[in-house]
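What follows is one structure encoded as structure tokens, with my remarks underneath.
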Amino acid sequence: MFEAVLFYLFSLVAMVSGVGVVTMRNPIASALSLVVCFFFLAADYVLMDAHFVAVIQILVYAGAIMVLFVFVIMLLNLRDGDHLTFNDIGRRSVVGMGTAGLLAIGLFTAIGQLPVLVPAAIDLDPAGPAYGTIAYIGTAMFEGKFLLPFETVSALLTVAVVGAVVLAKKEI
């Protein structure tokens, strides 16, 4: 029961800090809010006995990726721009808000079809003694059904890096 309360609390803080990432105007404050989100996601992973994933979450995302984000923010010299009024909202913003509304309706509909989530109904016990270990993750990723998605994402990231270099080369 106590673990379920902690899980919901950590998840709530992660969601609130995730909303803070996209709503804060200051890019450094937004990046720090993302770090908070990463730490609370790692705490959720610890509660699910996925300690390796939690450590990787902290080291890779909260460490290396956030250093890269802050470096890019400072390199681009982003400052607070002109604040838009409600009358300055364009068609793209209206389409974005409409899409977000439809996504919210879909999520609430899907949640309504799920069984009621009460803390006693959630099983936080791991699937077995090997759950969350490096060997379990490696076996699931490279021998199981996740091999094709893993390789697809690695190819997509490579294409994205090459595209970013080509676009940056035009402006230099």
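Naming scheme: A, B, ... for chains in displayed order of the structure tokens; residues 1 onward per chain; ligands 1 onward as shown.
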**Study point:** Who sits within 12 Å of Ala62 (chain A), only C-alpha atoms, same chain under 4 positions skipped, as a list in words
**Key:** Ala31, Leu32, Ser33, Leu34, Val35, Val36, Cys37, Phe38, Phe39, Phe40, Leu41, Ala42, Ala54, Val55, Ile56, Gln57, Ile58, Met66, Val67, Leu68, Phe69 and Val70 of chain A
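Interatomic distance, CA of Ala64 (chain A) against CA of Glu3 (chain A): 29.4 Å.
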Review point. How many Å lie between CA of Gly128 (chain A) and CA of Leu59 (chain A), rounded to one decimal?
Key: 25.3 Å
